[in-house]
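Okay, upload_10.tsv now, which holds TSV, C-alpha atoms and all ligand atoms:
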```tsv
chain	number	residue	atom	x	y	z
A	1	MET	CA	-5.89	90.22	-15.99
A	2	ALA	CA	-5.59	91.40	-12.40
A	3	VAL	CA	-2.87	89.87	-10.24
A	4	THR	CA	-4.95	88.59	-7.34
A	5	ALA	CA	-2.82	85.88	-5.73
A	6	LEU	CA	0.53	85.89	-3.95
A	7	TYR	CA	2.56	82.75	-3.25
A	8	VAL	CA	5.48	82.86	-0.81
A	9	HIS	CA	7.98	80.03	-0.46
A	10	VAL	CA	9.81	79.27	2.80
A	11	PRO	CA	12.39	76.63	1.84
A	12	PHE	CA	13.39	75.26	5.25
A	13	CYS	CA	12.39	72.10	7.12
A	14	ALA	CA	13.47	70.61	10.43
A	15	GLN	CA	14.25	67.35	8.65
A	16	LYS	CA	13.93	66.29	5.04
A	17	CYS	CA	11.12	63.77	4.45
A	18	ARG	CA	12.19	60.66	2.56
A	19	TYR	CA	9.91	61.28	-0.45
A	20	CYS	CA	10.42	65.01	-0.78
A	21	ASP	CA	11.99	66.73	-3.78
A	22	PHE	CA	10.64	70.21	-2.99
A	23	ASP	CA	13.08	73.04	-2.50
A	24	SER	CA	13.64	72.84	1.26
A	25	ARG	CA	16.85	72.75	3.26
A	26	SER	CA	17.43	71.54	6.77
A	27	PHE	CA	20.15	72.70	9.15
A	28	ALA	CA	21.17	72.10	12.75
A	29	PRO	CA	18.98	74.31	15.01
A	30	CYS	CA	21.59	77.05	15.64
A	31	ASN	CA	22.38	77.39	11.94
A	32	MET	CA	18.69	77.21	11.08
A	33	SER	CA	17.97	80.29	13.18
A	34	VAL	CA	20.61	82.32	11.31
A	35	ALA	CA	19.43	81.00	7.93
A	36	LEU	CA	15.80	81.91	8.71
A	37	ASP	CA	16.77	85.40	9.92
A	38	THR	CA	18.70	86.08	6.74
A	39	TYR	CA	16.03	84.63	4.47
A	40	PHE	CA	13.17	86.56	6.06
A	41	GLU	CA	15.09	89.85	5.79
A	42	GLN	CA	15.21	89.18	2.06
A	43	LEU	CA	11.50	88.34	1.97
A	44	TYR	CA	10.66	91.61	3.77
A	45	ALA	CA	12.71	93.61	1.26
A	46	ARG	CA	11.16	91.84	-1.73
A	47	LEU	CA	7.67	92.31	-0.30
A	48	ASP	CA	8.28	96.05	-0.02
A	49	ALA	CA	9.56	96.11	-3.60
A	50	PHE	CA	6.32	94.43	-4.74
A	51	GLY	CA	4.27	96.88	-2.70
A	52	ASP	CA	6.15	99.95	-3.95
A	53	ALA	CA	5.61	98.76	-7.54
A	54	GLY	CA	1.84	98.55	-6.94
A	55	ALA	CA	1.86	94.78	-7.42
A	56	LEU	CA	-0.02	94.01	-4.19
A	57	ALA	CA	-2.94	96.38	-4.56
A	58	GLN	CA	-5.42	93.77	-5.83
A	59	ILE	CA	-4.21	90.70	-3.93
A	60	ARG	CA	-7.19	88.63	-2.72
A	61	THR	CA	-5.38	85.48	-1.62
A	62	VAL	CA	-1.99	84.79	-0.04
A	63	TYR	CA	-0.45	81.35	0.40
A	64	VAL	CA	2.77	80.87	2.37
A	65	GLY	CA	4.05	77.39	1.57
A	66	GLY	CA	7.24	75.45	1.83
A	67	GLY	CA	9.16	73.86	3.21
A	68	THR	CA	7.75	74.41	6.66
A	69	PRO	CA	6.66	78.02	7.22
A	70	SER	CA	5.65	77.27	10.83
A	71	LEU	CA	9.33	76.57	11.57
A	72	ALA	CA	9.94	80.31	11.19
A	73	GLY	CA	7.81	81.12	14.29
A	74	GLU	CA	7.80	84.84	15.15
A	75	ARG	CA	9.44	85.70	11.79
A	76	LEU	CA	6.38	84.27	10.04
A	77	VAL	CA	4.09	86.37	12.25
A	78	GLU	CA	6.09	89.50	11.43
A	79	PHE	CA	6.01	88.67	7.73
A	80	ALA	CA	2.23	88.13	7.80
A	81	ARG	CA	1.88	91.47	9.61
A	82	ARG	CA	3.87	93.17	6.84
A	83	ILE	CA	1.79	91.50	4.11
A	84	SER	CA	-1.41	92.63	5.82
A	85	ALA	CA	-0.08	96.20	5.84
A	86	TRP	CA	0.16	96.10	2.02
A	87	CYS	CA	-3.10	94.31	1.20
A	88	LYS	CA	-6.22	92.84	2.76
A	89	PRO	CA	-6.54	89.31	1.38
A	90	VAL	CA	-9.84	87.52	1.90
A	91	GLU	CA	-7.93	84.27	2.30
A	92	PHE	CA	-4.45	84.05	3.82
A	93	THR	CA	-3.05	80.53	4.23
A	94	CYS	CA	0.13	79.43	6.00
A	95	GLU	CA	1.37	75.88	5.70
A	96	ALA	CA	2.42	74.29	8.98
A	97	ASN	CA	3.72	70.99	10.23
A	98	PRO	CA	2.30	69.60	13.47
A	99	GLU	CA	5.62	69.57	15.33
A	100	SER	CA	6.22	73.30	14.92
A	101	LEU	CA	2.69	74.64	15.23
A	102	THR	CA	2.07	75.89	18.76
A	103	ALA	CA	-1.09	77.48	20.15
A	104	GLU	CA	0.86	80.75	20.58
A	105	LEU	CA	1.89	80.74	16.93
A	106	ALA	CA	-1.64	79.94	15.68
A	107	THR	CA	-3.12	82.73	17.82
A	108	ALA	CA	-0.46	85.22	16.74
A	109	LEU	CA	-1.02	84.39	13.05
A	110	ALA	CA	-4.77	84.83	13.47
A	111	GLY	CA	-4.05	88.25	14.97
A	112	VAL	CA	-2.15	89.50	11.92
A	113	GLY	CA	-4.58	88.55	9.16
A	114	VAL	CA	-3.91	84.84	8.55
A	115	THR	CA	-7.24	83.04	7.98
A	116	ARG	CA	-6.27	79.47	7.20
A	117	VAL	CA	-3.63	76.87	8.09
A	118	SER	CA	-2.77	73.93	5.86
A	119	LEU	CA	-1.35	71.11	7.97
A	120	GLY	CA	0.93	68.35	6.70
A	121	VAL	CA	-0.74	65.40	8.44
A	122	GLN	CA	-0.16	62.76	5.70
A	123	THR	CA	-1.31	59.76	7.78
A	124	LEU	CA	-2.38	58.97	11.33
A	125	ASP	CA	-0.39	55.71	11.43
A	126	ASN	CA	2.85	56.21	13.35
A	127	ALA	CA	4.74	53.43	11.53
A	128	GLU	CA	3.82	55.01	8.17
A	129	LEU	CA	4.89	58.44	9.41
A	130	THR	CA	8.26	57.01	10.43
A	131	ALA	CA	8.66	55.19	7.11
A	132	ILE	CA	8.33	58.44	5.16
A	133	GLY	CA	10.58	60.38	7.52
A	134	ARG	CA	8.03	62.65	9.17
A	135	ILE	CA	8.96	63.84	12.64
A	136	HIS	CA	5.48	64.20	14.13
A	137	ASP	CA	3.18	61.44	15.35
A	138	ALA	CA	-0.55	60.94	15.02
A	139	ASP	CA	-1.41	62.47	18.41
A	140	ARG	CA	0.58	65.59	17.58
A	141	ALA	CA	-1.20	65.89	14.22
A	142	LEU	CA	-4.64	65.62	15.80
A	143	ALA	CA	-3.67	68.11	18.50
A	144	ALA	CA	-2.51	70.54	15.80
A	145	ILE	CA	-5.92	70.40	14.08
A	146	THR	CA	-7.56	71.33	17.38
A	147	THR	CA	-4.99	74.08	17.98
A	148	VAL	CA	-5.76	75.71	14.63
A	149	LYS	CA	-9.50	75.51	15.16
A	150	ASP	CA	-9.19	76.90	18.70
A	151	ALA	CA	-7.35	79.91	17.25
A	152	GLY	CA	-10.41	80.58	15.08
A	153	LEU	CA	-8.67	79.64	11.83
A	154	VAL	CA	-9.81	77.44	8.97
A	155	VAL	CA	-7.82	74.21	8.90
A	156	SER	CA	-6.94	72.00	5.97
A	157	CYS	CA	-5.22	68.60	6.26
A	158	ASP	CA	-2.99	67.01	3.63
A	159	LEU	CA	-3.17	63.21	3.47
A	160	MET	CA	-1.13	60.75	1.39
A	161	CYS	CA	-1.90	57.27	0.10
A	162	GLY	CA	0.39	54.57	-1.21
A	163	LEU	CA	2.82	54.92	1.69
A	164	PRO	CA	5.16	52.05	2.61
A	165	GLY	CA	3.27	49.59	4.83
A	166	GLN	CA	-0.09	51.31	4.32
A	167	THR	CA	-3.13	49.00	4.15
A	168	ASP	CA	-6.85	49.40	3.47
A	169	LEU	CA	-7.40	49.20	7.20
A	170	SER	CA	-4.76	51.78	8.16
A	171	TRP	CA	-6.11	54.16	5.47
A	172	GLN	CA	-9.62	53.77	6.87
A	173	ARG	CA	-8.26	54.50	10.35
A	174	THR	CA	-6.57	57.63	9.07
A	175	LEU	CA	-9.83	58.76	7.47
A	176	ASP	CA	-11.71	57.93	10.69
A	177	GLY	CA	-9.30	60.02	12.75
A	178	VAL	CA	-9.31	62.98	10.41
A	179	LEU	CA	-13.10	62.98	10.10
A	180	ALA	CA	-13.42	62.87	13.88
A	181	ALA	CA	-11.12	65.90	14.12
A	182	ALA	CA	-13.40	67.69	11.61
A	183	PRO	CA	-11.09	70.01	9.65
A	184	HIS	CA	-12.73	72.35	7.14
A	185	HIS	CA	-10.79	71.06	4.15
A	186	VAL	CA	-8.89	67.89	3.22
A	187	SER	CA	-6.44	67.27	0.37
A	188	VAL	CA	-5.60	63.71	-0.64
A	189	TYR	CA	-2.47	62.97	-2.66
A	190	ALA	CA	-0.98	59.78	-4.03
A	191	LEU	CA	2.68	59.26	-3.11
A	192	THR	CA	4.98	59.51	-6.11
A	193	LEU	CA	8.60	58.41	-6.02
A	194	GLU	CA	10.72	61.33	-7.17
A	195	GLU	CA	14.13	60.52	-8.56
A	196	GLY	CA	16.96	61.22	-6.15
A	197	THR	CA	14.89	60.92	-2.97
A	198	PRO	CA	15.78	58.29	-0.33
A	199	LEU	CA	12.47	56.48	-0.89
A	200	TYR	CA	13.14	56.34	-4.64
A	201	ARG	CA	16.58	54.84	-4.07
A	202	VAL	CA	15.21	52.19	-1.70
A	203	ALA	CA	12.42	51.30	-4.15
A	204	CYS	CA	15.01	50.87	-6.91
A	205	ARG	CA	16.44	48.00	-4.86
A	206	ASP	CA	13.11	46.62	-3.63
A	207	GLU	CA	10.18	46.86	-6.06
A	208	SER	CA	7.70	45.94	-3.34
A	209	LEU	CA	8.21	49.46	-1.95
A	210	GLU	CA	6.93	51.13	-5.13
A	211	PRO	CA	3.47	52.61	-4.61
A	212	ASP	CA	0.82	50.28	-6.05
A	213	GLU	CA	-1.37	52.34	-8.39
A	214	ASP	CA	-4.40	50.09	-7.92
A	215	PHE	CA	-4.11	50.44	-4.17
A	216	GLN	CA	-3.76	54.20	-4.49
A	217	ALA	CA	-6.84	54.36	-6.74
A	218	ALA	CA	-8.77	52.32	-4.14
A	219	CYS	CA	-7.60	54.73	-1.41
A	220	MET	CA	-8.67	57.74	-3.49
A	221	ASP	CA	-12.07	56.12	-4.02
A	222	ALA	CA	-12.45	55.31	-0.34
A	223	ALA	CA	-11.49	58.88	0.61
A	224	ARG	CA	-13.96	60.33	-1.87
A	225	GLU	CA	-16.74	58.13	-0.53
A	226	ARG	CA	-16.03	58.79	3.15
A	227	LEU	CA	-15.38	62.51	2.77
A	228	SER	CA	-18.39	63.08	0.51
A	229	ALA	CA	-20.64	61.24	2.96
A	230	ALA	CA	-19.37	63.53	5.71
A	231	GLY	CA	-20.22	66.69	3.73
A	232	TYR	CA	-16.82	67.44	2.14
A	233	HIS	CA	-17.50	67.98	-1.54
A	234	PRO	CA	-14.80	67.09	-4.03
A	235	TYR	CA	-14.17	70.25	-6.02
A	236	GLU	CA	-10.80	69.36	-7.51
A	237	VAL	CA	-8.80	66.21	-8.23
A	238	ALA	CA	-7.25	66.16	-4.74
A	239	SER	CA	-9.38	68.66	-2.81
A	240	TYR	CA	-12.42	68.30	-0.56
A	241	ALA	CA	-14.13	71.09	1.34
A	242	LEU	CA	-17.05	71.78	3.58
A	243	ASP	CA	-19.31	74.36	1.91
A	244	GLY	CA	-17.64	77.74	1.68
A	245	HIS	CA	-14.17	76.42	2.54
A	246	GLU	CA	-12.75	75.70	-0.92
A	247	CYS	CA	-9.21	77.06	-1.27
A	248	ALA	CA	-9.64	80.33	-3.19
A	249	HIS	CA	-5.90	80.62	-3.75
A	250	ASN	CA	-5.62	77.26	-5.51
A	251	ILE	CA	-8.78	78.00	-7.50
A	252	ALA	CA	-6.99	81.13	-8.79
A	253	TYR	CA	-4.23	78.84	-10.17
A	254	TRP	CA	-6.74	76.50	-11.80
A	255	THR	CA	-8.72	79.30	-13.42
A	256	GLY	CA	-5.86	81.12	-15.12
A	257	GLN	CA	-5.60	84.11	-12.74
A	258	GLY	CA	-2.33	86.01	-12.54
A	259	TYR	CA	-0.20	85.41	-9.45
A	260	LEU	CA	3.05	86.60	-7.95
A	261	GLY	CA	5.79	84.42	-6.49
A	262	LEU	CA	7.96	85.60	-3.62
A	263	GLY	CA	10.96	83.68	-2.26
A	264	ARG	CA	13.37	81.14	-3.67
A	265	SER	CA	11.67	78.64	-6.04
A	266	ALA	CA	8.37	80.53	-5.88
A	267	ALA	CA	6.60	80.70	-9.23
A	268	GLY	CA	4.54	83.61	-10.50
A	269	MET	CA	2.50	84.00	-13.65
A	270	LEU	CA	1.73	87.31	-15.31
A	271	ASP	CA	0.03	88.25	-18.54
A	272	ALA	CA	2.07	90.36	-20.95
A	273	GLU	CA	0.46	93.61	-19.81
A	274	ASP	CA	1.16	92.97	-16.11
A	275	PHE	CA	4.66	91.80	-16.94
A	276	ASP	CA	5.34	95.08	-18.78
A	277	ARG	CA	3.97	97.02	-15.80
A	278	LEU	CA	6.06	95.06	-13.27
A	279	ALA	CA	9.15	94.33	-15.39
A	280	GLY	CA	11.36	96.33	-13.01
A	281	LEU	CA	10.85	93.58	-10.41
A	282	PHE	CA	12.47	91.03	-12.73
A	283	PRO	CA	15.59	92.81	-13.98
A	284	ASP	CA	17.22	89.88	-15.78
A	285	VAL	CA	14.06	88.78	-17.64
A	286	LEU	CA	13.63	89.99	-21.20
A	287	ALA	CA	10.22	91.01	-22.55
A	288	ARG	CA	9.20	89.10	-25.66
A	289	GLY	CA	6.71	90.55	-28.11
A	290	ASP	CA	5.12	87.19	-28.94
A	291	ALA	CA	4.49	86.24	-25.29
A	292	TYR	CA	0.93	86.29	-24.03
A	293	ARG	CA	1.90	85.06	-20.55
A	294	VAL	CA	5.16	84.80	-18.65
A	295	ARG	CA	5.81	82.26	-15.89
A	296	LEU	CA	8.63	83.37	-13.59
A	297	VAL	CA	10.48	81.31	-11.02
A	298	GLN	CA	12.80	83.00	-8.51
A	299	ARG	CA	16.08	81.12	-8.55
A	300	ASP	CA	18.00	82.58	-5.61
A	301	ASP	CA	17.34	83.94	-2.12
A	302	ALA	CA	18.03	87.54	-3.06
A	303	ALA	CA	15.62	87.71	-6.04
A	304	THR	CA	18.27	88.60	-8.58
A	305	THR	CA	17.85	85.60	-10.92
A	306	PHE	CA	14.68	84.25	-12.49
A	307	ASP	CA	13.76	81.52	-14.94
A	308	ALA	CA	11.17	82.69	-17.44
A	309	GLU	CA	8.84	80.59	-19.55
A	310	TYR	CA	6.96	82.42	-22.27
A	311	LEU	CA	3.55	81.16	-23.36
A	312	SER	CA	1.84	82.09	-26.62
A	313	GLN	CA	-1.88	82.87	-26.57
A	314	ARG	CA	-2.58	79.39	-27.88
A	315	GLU	CA	-0.44	77.74	-25.20
A	316	ALA	CA	-2.15	79.84	-22.53
A	317	ALA	CA	-5.58	78.75	-23.82
A	318	ALA	CA	-4.53	75.06	-23.82
A	319	GLU	CA	-3.18	75.46	-20.29
A	320	ASP	CA	-6.44	77.00	-19.09
A	321	LEU	CA	-8.41	74.11	-20.61
A	322	MET	CA	-6.11	71.54	-19.03
A	323	LEU	CA	-6.25	73.18	-15.60
A	324	ALA	CA	-10.05	73.43	-15.79
A	325	CYS	CA	-10.11	69.61	-16.11
A	326	ARG	CA	-8.68	69.42	-12.58
A	327	MET	CA	-11.87	70.95	-11.23
A	328	THR	CA	-14.97	68.84	-10.64
A	329	ARG	CA	-17.05	71.38	-12.54
A	330	GLY	CA	-14.75	70.92	-15.54
A	331	ILE	CA	-14.42	73.21	-18.55
A	332	GLY	CA	-17.19	75.81	-18.57
A	333	PRO	CA	-18.97	77.06	-21.69
A	334	ASP	CA	-17.45	80.54	-21.52
A	335	LEU	CA	-13.91	79.13	-21.50
A	336	LEU	CA	-14.74	76.87	-24.46
A	337	VAL	CA	-16.17	79.74	-26.51
A	338	ARG	CA	-13.21	81.97	-25.59
A	339	SER	CA	-10.69	79.24	-26.46
A	340	ALA	CA	-12.23	78.87	-29.92
A	341	SER	CA	-11.03	82.36	-30.74
A	342	VAL	CA	-7.46	81.06	-30.38
A	343	ILE	CA	-7.65	77.33	-31.16
A	344	ALA	CA	-9.49	76.19	-34.31
A	345	ALA	CA	-13.04	75.13	-33.35
A	346	ASP	CA	-12.62	71.78	-35.15
A	347	GLU	CA	-9.49	70.91	-33.17
A	348	LEU	CA	-11.10	71.96	-29.91
A	349	ALA	CA	-14.26	69.96	-30.69
A	350	ALA	CA	-12.16	66.91	-31.58
A	351	ALA	CA	-10.39	67.05	-28.18
A	352	CYS	CA	-13.74	67.35	-26.36
A	353	ASP	CA	-15.23	64.48	-28.40
A	354	ARG	CA	-12.18	62.30	-27.70
A	355	ALA	CA	-12.49	62.95	-23.96
A	356	VAL	CA	-16.15	61.87	-24.11
A	357	GLU	CA	-15.38	58.79	-26.29
A	358	LEU	CA	-12.70	57.65	-23.84
A	359	GLY	CA	-15.16	57.98	-20.98
A	360	LEU	CA	-12.97	60.64	-19.31
A	361	ALA	CA	-15.50	63.48	-19.46
A	362	THR	CA	-19.16	64.09	-20.04
A	363	TRP	CA	-21.33	67.05	-21.05
A	364	VAL	CA	-23.39	68.57	-18.27
A	365	PRO	CA	-25.89	71.11	-19.64
A	366	ASP	CA	-25.93	74.39	-17.71
A	367	HIS	CA	-29.66	74.87	-18.28
A	368	ILE	CA	-31.85	71.94	-19.19
A	369	GLU	CA	-34.80	74.12	-20.18
A	370	GLY	CA	-34.75	75.15	-23.83
A	371	HIS	CA	-32.43	72.30	-24.66
A	372	ALA	CA	-34.08	69.03	-25.60
A	373	GLY	CA	-31.47	67.41	-27.80
A	374	ARG	CA	-28.03	65.87	-27.39
A	375	VAL	CA	-25.22	68.24	-26.45
A	376	THR	CA	-22.55	68.42	-29.12
A	377	SER	CA	-19.13	69.96	-28.70
A	378	LYS	CA	-19.63	72.10	-31.82
A	379	ASP	CA	-22.82	73.65	-30.40
A	380	VAL	CA	-21.14	74.45	-27.08
A	381	ILE	CA	-18.00	75.87	-28.70
A	382	ALA	CA	-20.14	78.01	-31.04
A	383	GLY	CA	-22.10	79.30	-28.03
A	384	ARG	CA	-25.44	77.84	-29.20
A	385	VAL	CA	-25.75	75.58	-26.13
A	386	ARG	CA	-24.36	76.17	-22.64
A	387	ALA	CA	-22.81	73.05	-21.11
A	388	ARG	CA	-19.75	72.10	-19.09
A	389	LEU	CA	-17.37	69.32	-20.01
A	390	ALA	CA	-16.96	67.68	-16.61
A	391	PRO	CA	-14.51	64.88	-15.71
A	392	THR	CA	-16.13	61.49	-15.10
A	393	HIS	CA	-15.01	59.13	-12.36
A	394	LEU	CA	-12.51	57.64	-14.83
A	395	GLY	CA	-11.30	61.11	-15.81
A	396	TRP	CA	-10.83	61.96	-12.15
A	397	LEU	CA	-8.80	58.80	-11.48
A	398	ASP	CA	-6.86	58.93	-14.76
A	399	GLY	CA	-6.50	62.68	-15.03
A	400	ASN	CA	-3.19	62.67	-16.89
A	401	VAL	CA	-4.78	61.30	-20.07
A	402	LEU	CA	-7.48	63.96	-19.91
A	403	PHE	CA	-4.98	66.75	-19.19
A	404	GLU	CA	-2.80	65.66	-22.10
A	405	LEU	CA	-5.73	65.80	-24.53
A	406	PHE	CA	-6.12	69.52	-23.87
A	407	TRP	CA	-2.49	70.44	-23.33
A	408	GLY	CA	-1.90	68.70	-26.69
A	409	LEU	CA	-3.82	71.57	-28.30
A	410	ALA	CA	-0.94	73.93	-27.52
A	501	LIG	S1	7.86	68.87	5.45
A	501	LIG	FE1	7.17	69.05	3.32
A	501	LIG	S2	8.67	70.35	2.29
A	501	LIG	FE2	9.58	69.69	4.24
A	501	LIG	S3	10.78	67.90	3.72
A	501	LIG	FE3	8.77	67.16	4.36
A	501	LIG	S4	7.55	67.03	2.46
A	501	LIG	FE4	9.38	68.27	2.02
```
Here is a file; write its structure as structure tokens.
Amino acid sequence: MAVTALYVHVPFCAQKCRYCDFDSRSFAPCNMSVALDTYFEQLYARLDAFGDAGALAQIRTVYVGGGTPSLAGERLVEFARRISAWCKPVEFTCEANPESLTAELATALAGVGVTRVSLGVQTLDNAELTAIGRIHDADRALAAITTVKDAGLVVSCDLMCGLPGQTDLSWQRTLDGVLAAAPHHVSVYALTLEEGTPLYRVACRDESLEPDEDFQAACMDAARERLSAAGYHPYEVASYALDGHECAHNIAYWTGQGYLGLGRSAAGMLDAEDFDRLAGLFPDVLARGDAYRVRLVQRDDAATTFDAEYLSQREAAAEDLMLACRMTRGIGPDLLVRSASVIAADELAAACDRAVELGLATWVPDHIEGHAGRVTSKDVIAGRVRARLAPTHLGWLDGNVLFELFWGLA
């Protein structure tokens, strides 16, 4: 398996949002500058170590997330320049928040190989933005979309539903505003209350502040309808794109490609062969003979400590099946046939049948011609019929049940 994707984590934000449990720290501006300088020096050194080890040679996609990478300003530009000196990714995304994305920064990023900016818009209702602790307003978010487009970059917007005070009407207004701004890609997430966050603590005292799952499902439906009608096709549970603007980096995650993680809290995933080849980059991680894949999470700024999770071949196959269910196209016939070499065909067929019985997935034949009868899971798994097991509307809304059916095969 080639390592084709690189994820970089920048764990700093101007202010912590009230729902956020990601690894991101905020400091007073003068301390932030010092913290960013120190952190980026460590990123530069780690990047060179990756490059010297030959780990970057086949990188096709880069994603710099956070945190708020745009907060790093010129340091982010310099880092992107250094990445582009090691590899020539076809897609290079930087996450940005509207308040720290300037026209100068967008233009400078475009000049050093960045192709795409993912903007944390969340909502275009100012009261909702305040309630979740965001520091931008709707006008700033819309201006940021224009700024990214004017710099010649692809722009994606993250939106959230189930926010405190959000209504059908305010959600429709957010969709109206985003559609009018015409980004290339939109991601829609449902707010979840993560333990330990300010919003979680408030909701513990006042149940009315807990996100209403029915309302969130209605918002997801409304978004799917409006975005689809405007030409954004839903290609993953939360992701909509104009043709040709699907996020290749995320698709690498959902299709079992190897990836590298760079920066504190960044996760990478390598197959056993790549891990052996690159083991020198992870000095405290032991090789294990029974591991088919290794997931590695950098635990400190200096890349000296890593958490490692070892997956057997069977666990890796179950994970691939589960992740494929996130995609609108579902589990393809080749993956099903391949999985049957690791997971007993009867068990695999039973999981597929259960997904169909529960109304969570349906068979979609690849080629209708030459196939007159009913598609059965056994025929597909044996390679006699080519069909995809695609999530239904229910499977899309209630994905966790579907994911568990396949992860349960591990
Ligand atoms: S901007 Fe993103 S990473 Fe930073 S605190 Fe808010 S949600 Fe968390």
Name the residues, by chain letter and number, that sit within 6 Å of ligand LIG 501 (chain A) using only C-alpha atoms and all ligand atoms, and give them as JSON, numbers by chain.
{"A": [13, 16, 17, 20, 22, 24, 66, 67, 68]}
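Reported to one decimal place, the separation of CA of Leu336 (chain A) from CA of Asp353 (chain A) is 13.0 Å.
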State, in Å with one decimal place, the distance from CA of Leu163 (chain A) to CA of Met32 (chain A).
28.9 Å
Between A:Leu262, A:Ala308, A:Leu175, A:Ala351, which one has atoms that come closest to Glu225 (chain A), using all atoms listed in the file?
A:Leu175
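Going from CA of Asn250 (chain A) to CA of Tyr63 (chain A) covers 8.9 Å.
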For Glu319 (chain A), find every residue with an atom within 12 Å (counting only C-alpha atoms), except residues of its own chain fewer than 3 positions away, and show them as a PyMOL selection string.
chain A and resi 253-257+293+311-316+322-326+331+335+339+343+403-410
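Using all atoms listed in the file, the shortest contact distance between Arg384 (chain A) and any of A:Val337, A:Ala138, A:Ala14, A:Val178 is found at A:Val337.
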Using only C-alpha atoms, collect all residues at a distance of at most 9 Å from (-21.9, 73.5, -19.5) as written in the file, then present them as a ChimeraX atom specification.
/A:329-334,363-367,380,385-390
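If you measure from each of A:Tyr310, A:Phe79, A:Tyr7, A:Phe282 to Val294 (chain A) using all atoms listed in the file, the closest one turns out to be A:Tyr310.
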So that I can check the surroundings of region 265-280 of chain A, please list as a PyMOL selection string every protein, DNA and RNA residue that reaches within 10 Å of it, counting only C-alpha atoms and ignoring chain neighbours fewer than 3 positions away.
chain A and resi 1-3+5-11+22-24+49-50+53-55+64-66+253+256-262+283-301+303+306-311+313+316
Counting all atoms listed in the file, which residues of region 221-306 of chain A sit at most 12 Å from some atom of region 115-126 of chain A, and what is each one's closest atom pair with its distance in Å to one decimal, listed by chain and rising residue number, as JSON lines?
```
{"residue": "A:His245", "atom": "CA", "partner": "A:Arg116", "partner_atom": "CA", "distance": 9.7}
{"residue": "A:Glu246", "atom": "CA", "partner": "A:Arg116", "partner_atom": "CA", "distance": 11.1}
{"residue": "A:Cys247", "atom": "CA", "partner": "A:Arg116", "partner_atom": "CA", "distance": 9.3}
{"residue": "A:Ala248", "atom": "CA", "partner": "A:Arg116", "partner_atom": "CA", "distance": 11.0}
{"residue": "A:His249", "atom": "CA", "partner": "A:Arg116", "partner_atom": "CA", "distance": 11.0}
```
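Taking all atoms listed in the file into account, the protein, DNA and RNA residues within 10 Å of (-21.2, 73.7, 2.9) read His184, Gly231, Tyr232, His233, Ala241, Leu242, Asp243, Gly244, His245 and Glu246 of chain A.
Counting all atoms listed in the file, the residue from A:Glu104, A:Asp52, A:Glu236, A:Asp221 that sits nearest to Cys87 (chain A) is A:Asp52.
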